[in-house]
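Enquirer: Got a structure here, written out as structure tokens. Questions coming.
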Amino acid sequence: MLETVNVPDATKKLGDFGFAGEDHVIPFEVGALDARGRVIQLGPLLDGILGRHDYPEPVARLLAEACLVAVLLGSSLKFEGKFILQTRTDGPVDMLVADFTTPGSLRAYARFDADRLEALAAAGEASPETLLGHGVLALTIDQGAYTQRYQGIVQLEGTTLQEAAHTYFRQSEQIPTEIRLQVAKLVRPGEGEFWRAGGLIAQFLPESPERLRMGDLHGGDGAPDVEVEIDNAWREVQALVGTIETGELIDPTIEPERLLYRLFHEHGVRVFPATPVADVCSCSRERIRGILDGFSAEEIVESTEDGRISVNCEFCSKSYEFDPAEFVAAN
Ligand SMILES: [Zn+2]
């Protein structure tokens, strides 16, 4: 269930007082603890993506989490490229896609079975884990046509996306990582409802590899409990991230910078220039034409309705129309 929270202070906007504001990725570093990370509050960007598709609330909530993971992980890419999060599962929400293109474009969509979703909701069983069900989460890094794609796969077995992201870092990246995701629909008196999602990622990146091994890389689902000495600095980061309260990451009156200060000021936290993230789709008429160019004459006929081929972008819902004659001639 979604909690609806009343936000009393509608006059103070993020961005005042030198804060980066919503829809900005804010990188930070806690040098004394060898930790680095990023934090973000998604606001209008999310309303754009979720509102365009008019997703039911439980679906919107899951997709918002997927957007957070894509932004938090994608914004760490040091080169031009794409970070793509995709789930394929057997639950009512059988596919989530969130793709982040550097330096700051995000697009996302969800596929779901409305009847199954309704049945689960009526039974009071529409938890995010149940909606996803079992399957895989694939995280793909794509640096363009001439480089190899990198893909990490994590099993989803009644797991939340936050848990799956943890597993990904433990298994694939081998970097001790803490990640927190929060999503809610909020209400501003006089302005109505709006979506907000907040996420924070913190990673242990000491210079010496011995210390890295003393992170929390042991364990995992089903793994036997092993006594591992955890580096004190990382233990402190984990403890501090553990104090993030429910709602703290999405509270419009708690700017991410303020949260970082609360968590880490005793150790000295540095905040780096923020990067704006925008609701931008990379679809184009040329790209879709390129796909149709690969169709056989038969497929072109099958795609034609009332003398036109009409293609809708799954991400941004933009509609493109083509004359089938353009393609039939080429075949
Ligand atoms: Zn599009």
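Simple scheme: letters A, B, ... for chains in structure tokens order, numbers from 1 for residues in each chain, numbers from 1 for ligands in the order shown.
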Do you know which residues are at most 8 Å from segment 121-137 of chain A counting only C-alpha atoms, after dropping those on the same chain fewer than 5 positions away, and could you put them as JSON, numbers by chain?

Expert: {"A": [1, 58, 62, 85, 86, 87, 88, 89, 90, 91, 92, 93, 94, 153, 154, 155, 156, 157, 158, 159, 160, 164]}

Enquirer: So that I have them on file, write out the residues from the current selection with N, CA and C atoms, as a PDB file, in the first residue's frame.

Expert:
ATOM      1  N   MET A   1       0.846  -1.207   0.000  1.00  0.00           N
ATOM      2  CA  MET A   1       0.000   0.000   0.000  1.00  0.00           C
ATOM      3  C   MET A   1       0.876   1.249   0.000  1.00  0.00           C
ATOM      4  N   PRO A  58       0.576   0.726  -7.732  1.00  0.00           N
ATOM      5  CA  PRO A  58       1.638  -0.240  -7.402  1.00  0.00           C
ATOM      6  C   PRO A  58       2.651  -0.414  -8.530  1.00  0.00           C
ATOM      7  N   LEU A  62       6.819   0.621  -8.477  1.00  0.00           N
ATOM      8  CA  LEU A  62       7.915  -0.266  -8.906  1.00  0.00           C
ATOM      9  C   LEU A  62       8.775   0.399  -9.980  1.00  0.00           C
ATOM     10  N   LEU A  85      18.367  -0.971 -17.087  1.00  0.00           N
ATOM     11  CA  LEU A  85      17.834  -1.923 -16.111  1.00  0.00           C
ATOM     12  C   LEU A  85      16.619  -2.577 -16.745  1.00  0.00           C
ATOM     13  N   GLN A  86      16.561  -3.897 -16.694  1.00  0.00           N
ATOM     14  CA  GLN A  86      15.386  -4.576 -17.233  1.00  0.00           C
ATOM     15  C   GLN A  86      15.040  -5.794 -16.392  1.00  0.00           C
ATOM     16  N   THR A  87      13.755  -5.926 -16.055  1.00  0.00           N
ATOM     17  CA  THR A  87      13.316  -7.141 -15.368  1.00  0.00           C
ATOM     18  C   THR A  87      12.498  -7.973 -16.348  1.00  0.00           C
ATOM     19  N   ARG A  88      12.582  -9.303 -16.177  1.00  0.00           N
ATOM     20  CA  ARG A  88      11.721 -10.241 -16.905  1.00  0.00           C
ATOM     21  C   ARG A  88      11.264 -11.245 -15.873  1.00  0.00           C
ATOM     22  N   THR A  89      10.011 -11.163 -15.495  1.00  0.00           N
ATOM     23  CA  THR A  89       9.542 -11.996 -14.393  1.00  0.00           C
ATOM     24  C   THR A  89       8.166 -12.585 -14.706  1.00  0.00           C
ATOM     25  N   ASP A  90       7.699 -13.481 -13.814  1.00  0.00           N
ATOM     26  CA  ASP A  90       6.414 -14.136 -14.067  1.00  0.00           C
ATOM     27  C   ASP A  90       5.256 -13.496 -13.286  1.00  0.00           C
ATOM     28  N   GLY A  91       5.525 -12.380 -12.605  1.00  0.00           N
ATOM     29  CA  GLY A  91       4.470 -11.727 -11.834  1.00  0.00           C
ATOM     30  C   GLY A  91       3.571 -10.870 -12.716  1.00  0.00           C
ATOM     31  N   PRO A  92       2.562 -10.224 -12.116  1.00  0.00           N
ATOM     32  CA  PRO A  92       1.664  -9.357 -12.887  1.00  0.00           C
ATOM     33  C   PRO A  92       2.407  -8.208 -13.583  1.00  0.00           C
ATOM     34  N   VAL A  93       3.517  -7.744 -12.974  1.00  0.00           N
ATOM     35  CA  VAL A  93       4.352  -6.741 -13.649  1.00  0.00           C
ATOM     36  C   VAL A  93       5.527  -7.515 -14.238  1.00  0.00           C
ATOM     37  N   ASP A  94       5.377  -7.977 -15.483  1.00  0.00           N
ATOM     38  CA  ASP A  94       6.355  -8.942 -16.004  1.00  0.00           C
ATOM     39  C   ASP A  94       7.564  -8.290 -16.645  1.00  0.00           C
ATOM     40  N   ILE A 153      23.482 -10.226 -14.311  1.00  0.00           N
ATOM     41  CA  ILE A 153      22.142 -10.791 -14.117  1.00  0.00           C
ATOM     42  C   ILE A 153      21.967 -11.172 -12.654  1.00  0.00           C
ATOM     43  N   VAL A 154      20.848 -10.802 -12.095  1.00  0.00           N
ATOM     44  CA  VAL A 154      20.527 -11.168 -10.715  1.00  0.00           C
ATOM     45  C   VAL A 154      19.173 -11.871 -10.722  1.00  0.00           C
ATOM     46  N   GLN A 155      19.071 -12.959  -9.969  1.00  0.00           N
ATOM     47  CA  GLN A 155      17.786 -13.659  -9.879  1.00  0.00           C
ATOM     48  C   GLN A 155      16.819 -12.863  -9.008  1.00  0.00           C
ATOM     49  N   LEU A 156      15.591 -12.762  -9.455  1.00  0.00           N
ATOM     50  CA  LEU A 156      14.545 -12.168  -8.625  1.00  0.00           C
ATOM     51  C   LEU A 156      13.653 -13.311  -8.152  1.00  0.00           C
ATOM     52  N   GLU A 157      13.651 -13.521  -6.842  1.00  0.00           N
ATOM     53  CA  GLU A 157      12.828 -14.604  -6.289  1.00  0.00           C
ATOM     54  C   GLU A 157      12.057 -14.052  -5.112  1.00  0.00           C
ATOM     55  N   GLY A 158      11.021 -13.301  -5.418  1.00  0.00           N
ATOM     56  CA  GLY A 158      10.291 -12.636  -4.357  1.00  0.00           C
ATOM     57  C   GLY A 158      11.160 -11.583  -3.689  1.00  0.00           C
ATOM     58  N   THR A 159      12.015 -10.969  -4.484  1.00  0.00           N
ATOM     59  CA  THR A 159      12.985  -9.999  -3.982  1.00  0.00           C
ATOM     60  C   THR A 159      12.564  -8.595  -4.392  1.00  0.00           C
ATOM     61  N   THR A 160      12.909  -7.607  -3.570  1.00  0.00           N
ATOM     62  CA  THR A 160      12.678  -6.216  -3.977  1.00  0.00           C
ATOM     63  C   THR A 160      13.830  -5.783  -4.872  1.00  0.00           C
ATOM     64  N   ALA A 164      17.819  -6.753  -4.805  1.00  0.00           N
ATOM     65  CA  ALA A 164      18.466  -7.266  -6.019  1.00  0.00           C
ATOM     66  C   ALA A 164      19.681  -6.410  -6.379  1.00  0.00           C
TER      67      ALA A 164
END

Enquirer: If you count only C-alpha atoms and all ligand atoms, which residues end up within 9 Å of ligand 1, as a ChimeraX atom specification?

Expert: /A:107,280-284,312-319

Enquirer: Among segment 149-328 of chain A, which ones does DSSP place in strand (DSSP E or B), written as a VMD selection string?

Expert: chain A and resid 150 to 157 177 to 188 192 to 204 270 to 271 275 to 276 278 to 279 304 to 305 308 to 312 319 to 322

Enquirer: Since we have the selection now, will you write its residues out, keeping N, CA and C atoms, as a compact mmCIF listing (two decimals), in the first residue's frame?

Expert:
# COMPACT_ATOMS: atom_id res chain seq x y z
N TYR A 150 28.32 -4.95 -21.44
CA TYR A 150 28.53 -5.69 -20.20
C TYR A 150 27.16 -5.93 -19.59
N GLN A 151 26.90 -7.17 -19.16
CA GLN A 151 25.62 -7.43 -18.53
C GLN A 151 25.76 -8.24 -17.24
N GLY A 152 25.13 -7.77 -16.20
CA GLY A 152 25.06 -8.50 -14.94
C GLY A 152 23.64 -8.97 -14.73
N ILE A 153 23.48 -10.23 -14.31
CA ILE A 153 22.14 -10.79 -14.12
C ILE A 153 21.97 -11.17 -12.65
N VAL A 154 20.85 -10.80 -12.09
CA VAL A 154 20.53 -11.17 -10.71
C VAL A 154 19.17 -11.87 -10.72
N GLN A 155 19.07 -12.96 -9.97
CA GLN A 155 17.79 -13.66 -9.88
C GLN A 155 16.82 -12.86 -9.01
N LEU A 156 15.59 -12.76 -9.45
CA LEU A 156 14.54 -12.17 -8.63
C LEU A 156 13.65 -13.31 -8.15
N GLU A 157 13.65 -13.52 -6.84
CA GLU A 157 12.83 -14.60 -6.29
C GLU A 157 12.06 -14.05 -5.11
N THR A 177 28.59 -2.23 -0.98
CA THR A 177 27.65 -1.18 -1.39
C THR A 177 26.42 -1.16 -0.49
N GLU A 178 25.99 0.03 -0.15
CA GLU A 178 24.70 0.19 0.51
C GLU A 178 23.82 1.01 -0.43
N ILE A 179 22.59 0.56 -0.61
CA ILE A 179 21.69 1.31 -1.49
C ILE A 179 20.33 1.41 -0.80
N ARG A 180 19.73 2.58 -0.85
CA ARG A 180 18.41 2.79 -0.24
C ARG A 180 17.50 3.45 -1.26
N LEU A 181 16.28 2.92 -1.36
CA LEU A 181 15.30 3.47 -2.29
C LEU A 181 14.01 3.76 -1.54
N GLN A 182 13.43 4.90 -1.79
CA GLN A 182 12.12 5.21 -1.20
C GLN A 182 11.26 5.88 -2.26
N VAL A 183 9.98 5.50 -2.28
CA VAL A 183 9.04 6.07 -3.26
C VAL A 183 7.72 6.36 -2.56
N ALA A 184 7.11 7.48 -2.86
CA ALA A 184 5.78 7.75 -2.31
C ALA A 184 5.06 8.76 -3.18
N LYS A 185 3.74 8.69 -3.09
CA LYS A 185 2.93 9.73 -3.71
C LYS A 185 2.60 10.71 -2.59
N LEU A 186 2.95 11.96 -2.78
CA LEU A 186 2.75 12.96 -1.74
C LEU A 186 1.61 13.91 -2.15
N VAL A 187 1.15 14.67 -1.19
CA VAL A 187 0.09 15.64 -1.47
C VAL A 187 0.53 17.01 -0.98
N ARG A 188 0.43 18.00 -1.85
CA ARG A 188 0.66 19.38 -1.45
C ARG A 188 -0.68 20.08 -1.45
N GLY A 192 -2.30 19.34 -5.26
CA GLY A 192 -2.63 17.96 -5.62
C GLY A 192 -1.50 16.98 -5.36
N GLU A 193 -1.65 15.81 -5.98
CA GLU A 193 -0.71 14.72 -5.72
C GLU A 193 0.50 14.81 -6.64
N PHE A 194 1.61 14.35 -6.14
CA PHE A 194 2.79 14.26 -6.99
C PHE A 194 3.66 13.11 -6.50
N TRP A 195 4.43 12.56 -7.41
CA TRP A 195 5.32 11.45 -7.08
C TRP A 195 6.67 11.97 -6.63
N ARG A 196 7.26 11.22 -5.73
CA ARG A 196 8.63 11.57 -5.34
C ARG A 196 9.37 10.27 -5.02
N ALA A 197 10.59 10.19 -5.48
CA ALA A 197 11.41 9.01 -5.19
C ALA A 197 12.79 9.49 -4.78
N GLY A 198 13.33 8.87 -3.77
CA GLY A 198 14.66 9.26 -3.32
C GLY A 198 15.54 8.04 -3.23
N GLY A 199 16.79 8.20 -3.61
CA GLY A 199 17.72 7.08 -3.56
C GLY A 199 19.10 7.53 -3.14
N LEU A 200 19.77 6.64 -2.45
CA LEU A 200 21.16 6.91 -2.05
C LEU A 200 21.97 5.65 -2.25
N ILE A 201 23.16 5.82 -2.80
CA ILE A 201 24.09 4.70 -2.92
C ILE A 201 25.39 5.14 -2.26
N ALA A 202 25.96 4.25 -1.46
CA ALA A 202 27.26 4.52 -0.84
C ALA A 202 28.13 3.29 -1.07
N GLN A 203 29.38 3.52 -1.46
CA GLN A 203 30.28 2.41 -1.75
C GLN A 203 31.60 2.58 -1.03
N PHE A 204 32.16 1.45 -0.65
CA PHE A 204 33.43 1.43 0.08
C PHE A 204 34.55 1.27 -0.94
N ARG A 270 32.13 15.68 1.44
CA ARG A 270 32.27 16.62 0.32
C ARG A 270 31.19 16.34 -0.70
N VAL A 271 30.58 17.42 -1.19
CA VAL A 271 29.54 17.27 -2.21
C VAL A 271 30.08 17.86 -3.51
N THR A 275 24.48 16.76 -11.37
CA THR A 275 24.13 16.60 -12.78
C THR A 275 22.60 16.52 -12.91
N PRO A 276 22.01 17.38 -13.73
CA PRO A 276 20.56 17.28 -13.90
C PRO A 276 20.16 16.03 -14.68
N ALA A 278 16.97 14.42 -16.93
CA ALA A 278 15.76 14.87 -17.62
C ALA A 278 15.01 13.69 -18.21
N ASP A 279 13.72 13.88 -18.35
CA ASP A 279 12.82 12.89 -18.94
C ASP A 279 12.93 13.04 -20.46
N THR A 304 0.49 -3.22 -41.33
CA THR A 304 -0.30 -2.14 -41.93
C THR A 304 -1.76 -2.21 -41.51
N GLU A 305 -2.27 -1.06 -41.11
CA GLU A 305 -3.68 -0.98 -40.73
C GLU A 305 -4.26 0.28 -41.34
N ARG A 308 -1.91 2.49 -43.28
CA ARG A 308 -0.78 3.16 -42.62
C ARG A 308 -0.07 2.19 -41.68
N ILE A 309 1.19 2.41 -41.46
CA ILE A 309 1.88 1.72 -40.38
C ILE A 309 2.05 2.72 -39.25
N SER A 310 1.47 2.39 -38.13
CA SER A 310 1.53 3.30 -37.00
C SER A 310 2.33 2.64 -35.88
N VAL A 311 3.37 3.32 -35.42
CA VAL A 311 4.23 2.75 -34.37
C VAL A 311 4.25 3.70 -33.18
N ASN A 312 3.97 3.14 -32.00
CA ASN A 312 4.02 3.94 -30.78
C ASN A 312 5.29 3.61 -30.01
N SER A 319 3.78 8.80 -31.19
CA SER A 319 3.29 7.98 -32.29
C SER A 319 3.95 8.39 -33.62
N TYR A 320 4.40 7.39 -34.37
CA TYR A 320 5.02 7.65 -35.67
C TYR A 320 4.21 6.93 -36.74
N GLU A 321 3.93 7.63 -37.85
CA GLU A 321 3.15 7.02 -38.94
C GLU A 321 3.99 6.93 -40.21
N PHE A 322 3.84 5.78 -40.88
CA PHE A 322 4.59 5.58 -42.13
C PHE A 322 3.65 5.07 -43.22

Enquirer: Distance atom CA of Ile250 of chain A-atom CA of Ala114 of chain A, one decimal place?

Expert: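 Interatomic distance here is 27.7 Å.
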
Enquirer: What is the distance, in Å and to one decimal place, between atom CA of Glu245 of chain A and atom CA of Arg262 of chain A?

Expert: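 Answer for the atom CA of Glu245 of chain A to atom CA of Arg262 of chain A separation: 11.7 Å.
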
Enquirer: Per DSSP on the backbone, filter segment 19-190 of chain A down to the residues in alpha helix (DSSP H) and report them as a PDB file with N, CA and C atoms, in the first residue's frame.

Expert:
ATOM      1  N   PRO A  44       9.559  16.154 -10.542  1.00  0.00           N
ATOM      2  CA  PRO A  44       8.796  16.376 -11.777  1.00  0.00           C
ATOM      3  C   PRO A  44       9.136  15.382 -12.892  1.00  0.00           C
ATOM      4  N   LEU A  45      10.401  14.965 -12.940  1.00  0.00           N
ATOM      5  CA  LEU A  45      10.824  13.969 -13.920  1.00  0.00           C
ATOM      6  C   LEU A  45       9.945  12.717 -13.820  1.00  0.00           C
ATOM      7  N   LEU A  46       9.715  12.310 -12.593  1.00  0.00           N
ATOM      8  CA  LEU A  46       8.948  11.093 -12.332  1.00  0.00           C
ATOM      9  C   LEU A  46       7.467  11.293 -12.676  1.00  0.00           C
ATOM     10  N   ASP A  47       6.944  12.471 -12.326  1.00  0.00           N
ATOM     11  CA  ASP A  47       5.550  12.761 -12.664  1.00  0.00           C
ATOM     12  C   ASP A  47       5.361  12.702 -14.175  1.00  0.00           C
ATOM     13  N   GLY A  48       6.385  13.151 -14.925  1.00  0.00           N
ATOM     14  CA  GLY A  48       6.312  13.095 -16.382  1.00  0.00           C
ATOM     15  C   GLY A  48       6.243  11.664 -16.879  1.00  0.00           C
ATOM     16  N   ILE A  49       7.164  10.832 -16.403  1.00  0.00           N
ATOM     17  CA  ILE A  49       7.254   9.443 -16.877  1.00  0.00           C
ATOM     18  C   ILE A  49       6.031   8.626 -16.447  1.00  0.00           C
ATOM     19  N   LEU A  50       5.667   8.736 -15.174  1.00  0.00           N
ATOM     20  CA  LEU A  50       4.582   7.907 -14.648  1.00  0.00           C
ATOM     21  C   LEU A  50       3.221   8.409 -15.115  1.00  0.00           C
ATOM     22  N   GLY A  51       3.079   9.749 -15.182  1.00  0.00           N
ATOM     23  CA  GLY A  51       1.795  10.326 -15.564  1.00  0.00           C
ATOM     24  C   GLY A  51       1.443  10.046 -17.012  1.00  0.00           C
ATOM     25  N   ARG A  52       2.444  10.019 -17.876  1.00  0.00           N
ATOM     26  CA  ARG A  52       2.231   9.809 -19.299  1.00  0.00           C
ATOM     27  C   ARG A  52       1.553   8.468 -19.562  1.00  0.00           C
ATOM     28  N   HIS A  53       1.902   7.478 -18.743  1.00  0.00           N
ATOM     29  CA  HIS A  53       1.354   6.138 -18.965  1.00  0.00           C
ATOM     30  C   HIS A  53       0.163   5.847 -18.071  1.00  0.00           C
ATOM     31  N   GLU A  57      -1.103   2.639  -9.261  1.00  0.00           N
ATOM     32  CA  GLU A  57      -0.109   3.050  -8.269  1.00  0.00           C
ATOM     33  C   GLU A  57       0.957   2.006  -7.945  1.00  0.00           C
ATOM     34  N   PRO A  58       0.576   0.726  -7.732  1.00  0.00           N
ATOM     35  CA  PRO A  58       1.638  -0.240  -7.402  1.00  0.00           C
ATOM     36  C   PRO A  58       2.651  -0.414  -8.530  1.00  0.00           C
ATOM     37  N   VAL A  59       2.204  -0.269  -9.777  1.00  0.00           N
ATOM     38  CA  VAL A  59       3.108  -0.389 -10.922  1.00  0.00           C
ATOM     39  C   VAL A  59       4.006   0.843 -10.992  1.00  0.00           C
ATOM     40  N   ALA A  60       3.390   2.006 -10.789  1.00  0.00           N
ATOM     41  CA  ALA A  60       4.151   3.260 -10.814  1.00  0.00           C
ATOM     42  C   ALA A  60       5.252   3.234  -9.766  1.00  0.00           C
ATOM     43  N   ARG A  61       4.910   2.680  -8.608  1.00  0.00           N
ATOM     44  CA  ARG A  61       5.873   2.639  -7.512  1.00  0.00           C
ATOM     45  C   ARG A  61       7.098   1.777  -7.877  1.00  0.00           C
ATOM     46  N   LEU A  62       6.819   0.621  -8.477  1.00  0.00           N
ATOM     47  CA  LEU A  62       7.915  -0.266  -8.906  1.00  0.00           C
ATOM     48  C   LEU A  62       8.775   0.399  -9.980  1.00  0.00           C
ATOM     49  N   LEU A  63       8.109   1.045 -10.929  1.00  0.00           N
ATOM     50  CA  LEU A  63       8.863   1.674 -12.011  1.00  0.00           C
ATOM     51  C   LEU A  63       9.706   2.833 -11.464  1.00  0.00           C
ATOM     52  N   ALA A  64       9.179   3.524 -10.465  1.00  0.00           N
ATOM     53  CA  ALA A  64       9.942   4.613  -9.849  1.00  0.00           C
ATOM     54  C   ALA A  64      11.207   4.063  -9.195  1.00  0.00           C
ATOM     55  N   GLU A  65      11.097   2.891  -8.550  1.00  0.00           N
ATOM     56  CA  GLU A  65      12.293   2.259  -7.959  1.00  0.00           C
ATOM     57  C   GLU A  65      13.302   1.900  -9.043  1.00  0.00           C
ATOM     58  N   ALA A  66      12.773   1.370 -10.154  1.00  0.00           N
ATOM     59  CA  ALA A  66      13.657   1.012 -11.274  1.00  0.00           C
ATOM     60  C   ALA A  66      14.373   2.255 -11.800  1.00  0.00           C
ATOM     61  N   CYS A  67      13.641   3.370 -11.874  1.00  0.00           N
ATOM     62  CA  CYS A  67      14.240   4.637 -12.338  1.00  0.00           C
ATOM     63  C   CYS A  67      15.367   5.060 -11.395  1.00  0.00           C
ATOM     64  N   LEU A  68      15.133   4.927 -10.092  1.00  0.00           N
ATOM     65  CA  LEU A  68      16.158   5.305  -9.114  1.00  0.00           C
ATOM     66  C   LEU A  68      17.429   4.493  -9.317  1.00  0.00           C
ATOM     67  N   VAL A  69      17.270   3.172  -9.457  1.00  0.00           N
ATOM     68  CA  VAL A  69      18.446   2.307  -9.623  1.00  0.00           C
ATOM     69  C   VAL A  69      19.185   2.688 -10.907  1.00  0.00           C
ATOM     70  N   ALA A  70      18.431   2.915 -11.991  1.00  0.00           N
ATOM     71  CA  ALA A  70      19.063   3.257 -13.272  1.00  0.00           C
ATOM     72  C   ALA A  70      19.841   4.568 -13.163  1.00  0.00           C
ATOM     73  N   VAL A  71      19.267   5.540 -12.471  1.00  0.00           N
ATOM     74  CA  VAL A  71      19.948   6.833 -12.339  1.00  0.00           C
ATOM     75  C   VAL A  71      21.155   6.723 -11.410  1.00  0.00           C
ATOM     76  N   LEU A  72      20.982   6.045 -10.274  1.00  0.00           N
ATOM     77  CA  LEU A  72      22.082   5.948  -9.307  1.00  0.00           C
ATOM     78  C   LEU A  72      23.272   5.185  -9.880  1.00  0.00           C
ATOM     79  N   LEU A  73      22.998   4.136 -10.662  1.00  0.00           N
ATOM     80  CA  LEU A  73      24.089   3.340 -11.228  1.00  0.00           C
ATOM     81  C   LEU A  73      24.591   3.949 -12.530  1.00  0.00           C
ATOM     82  N   GLY A  74      23.669   4.396 -13.379  1.00  0.00           N
ATOM     83  CA  GLY A  74      24.048   4.947 -14.682  1.00  0.00           C
ATOM     84  C   GLY A  74      24.877   6.216 -14.553  1.00  0.00           C
ATOM     85  N   ALA A 114      -3.281  -6.205 -16.194  1.00  0.00           N
ATOM     86  CA  ALA A 114      -4.216  -5.452 -15.347  1.00  0.00           C
ATOM     87  C   ALA A 114      -5.124  -6.376 -14.527  1.00  0.00           C
ATOM     88  N   ASP A 115      -5.562  -7.487 -15.120  1.00  0.00           N
ATOM     89  CA  ASP A 115      -6.478  -8.401 -14.407  1.00  0.00           C
ATOM     90  C   ASP A 115      -5.789  -9.061 -13.219  1.00  0.00           C
ATOM     91  N   ARG A 116      -4.579  -9.566 -13.452  1.00  0.00           N
ATOM     92  CA  ARG A 116      -3.835 -10.221 -12.358  1.00  0.00           C
ATOM     93  C   ARG A 116      -3.511  -9.219 -11.256  1.00  0.00           C
ATOM     94  N   LEU A 117      -3.166  -8.007 -11.687  1.00  0.00           N
ATOM     95  CA  LEU A 117      -2.832  -6.952 -10.733  1.00  0.00           C
ATOM     96  C   LEU A 117      -4.035  -6.645  -9.846  1.00  0.00           C
ATOM     97  N   GLU A 118      -5.199  -6.539 -10.478  1.00  0.00           N
ATOM     98  CA  GLU A 118      -6.420  -6.224  -9.751  1.00  0.00           C
ATOM     99  C   GLU A 118      -6.765  -7.339  -8.769  1.00  0.00           C
ATOM    100  N   ALA A 119      -6.603  -8.574  -9.222  1.00  0.00           N
ATOM    101  CA  ALA A 119      -6.922  -9.724  -8.365  1.00  0.00           C
ATOM    102  C   ALA A 119      -6.030  -9.724  -7.119  1.00  0.00           C
ATOM    103  N   LEU A 120      -4.744  -9.472  -7.322  1.00  0.00           N
ATOM    104  CA  LEU A 120      -3.812  -9.445  -6.186  1.00  0.00           C
ATOM    105  C   LEU A 120      -4.130  -8.286  -5.241  1.00  0.00           C
ATOM    106  N   ALA A 121      -4.439  -7.124  -5.842  1.00  0.00           N
ATOM    107  CA  ALA A 121      -4.747  -5.948  -5.029  1.00  0.00           C
ATOM    108  C   ALA A 121      -5.997  -6.203  -4.196  1.00  0.00           C
ATOM    109  N   ALA A 122      -7.001  -6.852  -4.813  1.00  0.00           N
ATOM    110  CA  ALA A 122      -8.258  -7.147  -4.107  1.00  0.00           C
ATOM    111  C   ALA A 122      -8.004  -8.099  -2.942  1.00  0.00           C
ATOM    112  N   PRO A 128       5.350  -5.148  -3.588  1.00  0.00           N
ATOM    113  CA  PRO A 128       6.245  -5.021  -4.750  1.00  0.00           C
ATOM    114  C   PRO A 128       6.880  -6.356  -5.141  1.00  0.00           C
ATOM    115  N   GLU A 129       7.250  -7.175  -4.158  1.00  0.00           N
ATOM    116  CA  GLU A 129       7.893  -8.461  -4.447  1.00  0.00           C
ATOM    117  C   GLU A 129       6.939  -9.393  -5.175  1.00  0.00           C
ATOM    118  N   THR A 130       5.674  -9.412  -4.729  1.00  0.00           N
ATOM    119  CA  THR A 130       4.685 -10.284  -5.355  1.00  0.00           C
ATOM    120  C   THR A 130       4.371  -9.822  -6.774  1.00  0.00           C
ATOM    121  N   LEU A 131       4.332  -8.496  -6.951  1.00  0.00           N
ATOM    122  CA  LEU A 131       4.027  -7.974  -8.290  1.00  0.00           C
ATOM    123  C   LEU A 131       5.098  -8.367  -9.286  1.00  0.00           C
ATOM    124  N   LEU A 132       6.346  -8.397  -8.833  1.00  0.00           N
ATOM    125  CA  LEU A 132       7.435  -8.788  -9.730  1.00  0.00           C
ATOM    126  C   LEU A 132       7.446 -10.296  -9.921  1.00  0.00           C
ATOM    127  N   LEU A 161      13.633  -4.691  -5.581  1.00  0.00           N
ATOM    128  CA  LEU A 161      14.702  -4.182  -6.448  1.00  0.00           C
ATOM    129  C   LEU A 161      15.894  -3.723  -5.619  1.00  0.00           C
ATOM    130  N   GLN A 162      15.608  -3.190  -4.429  1.00  0.00           N
ATOM    131  CA  GLN A 162      16.712  -2.749  -3.561  1.00  0.00           C
ATOM    132  C   GLN A 162      17.596  -3.944  -3.168  1.00  0.00           C
ATOM    133  N   GLU A 163      16.949  -5.049  -2.789  1.00  0.00           N
ATOM    134  CA  GLU A 163      17.709  -6.263  -2.433  1.00  0.00           C
ATOM    135  C   GLU A 163      18.476  -6.789  -3.644  1.00  0.00           C
ATOM    136  N   ALA A 164      17.819  -6.753  -4.805  1.00  0.00           N
ATOM    137  CA  ALA A 164      18.466  -7.266  -6.019  1.00  0.00           C
ATOM    138  C   ALA A 164      19.681  -6.410  -6.379  1.00  0.00           C
ATOM    139  N   ALA A 165      19.569  -5.098  -6.169  1.00  0.00           N
ATOM    140  CA  ALA A 165      20.703  -4.214  -6.469  1.00  0.00           C
ATOM    141  C   ALA A 165      21.875  -4.538  -5.535  1.00  0.00           C
ATOM    142  N   HIS A 166      21.579  -4.816  -4.268  1.00  0.00           N
ATOM    143  CA  HIS A 166      22.629  -5.231  -3.328  1.00  0.00           C
ATOM    144  C   HIS A 166      23.329  -6.500  -3.817  1.00  0.00           C
ATOM    145  N   THR A 167      22.516  -7.458  -4.214  1.00  0.00           N
ATOM    146  CA  THR A 167      23.057  -8.731  -4.691  1.00  0.00           C
ATOM    147  C   THR A 167      23.950  -8.510  -5.911  1.00  0.00           C
ATOM    148  N   TYR A 168      23.510  -7.616  -6.802  1.00  0.00           N
ATOM    149  CA  TYR A 168      24.294  -7.319  -7.998  1.00  0.00           C
ATOM    150  C   TYR A 168      25.691  -6.828  -7.619  1.00  0.00           C
TER     151      TYR A 168
END

Enquirer: If we count only C-alpha atoms, what is near Gln174 of chain A at a cut-off of 9 Å, once residues fewer than 3 positions away on the same chain are taken out, given as a list in words?

Expert: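 Listed by chain and then number, they are Tyr168, Phe169, Arg170, Gln171, Thr177, Leu212, Arg213 and Leu217 of chain A.
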
Enquirer: For Phe79 of chain A, please output as a PyMOL selection string all residues within 8 Å (counting only C-alpha atoms; exclusion window: fewer than 2 positions along the same chain).

Expert: chain A and resi 77+81+102+143

Enquirer: Using N, CA and C atoms, can you write the selected residues to a file as a CSV table (one decimal), in the first residue's frame?

Expert:
chain,number,residue,atom,x,y,z
A,77,LEU,N,28.8,6.1,-14.7
A,77,LEU,CA,29.5,5.8,-15.9
A,77,LEU,C,30.5,7.0,-16.2
A,81,GLY,N,27.6,6.6,-22.7
A,81,GLY,CA,26.9,5.3,-22.9
A,81,GLY,C,25.6,5.2,-22.3
A,102,THR,N,23.9,8.7,-20.7
A,102,THR,CA,24.8,9.8,-20.1
A,102,THR,C,24.6,11.1,-21.0
A,143,GLN,N,28.3,0.8,-24.2
A,143,GLN,CA,29.2,2.0,-24.5
A,143,GLN,C,29.2,2.3,-26.0
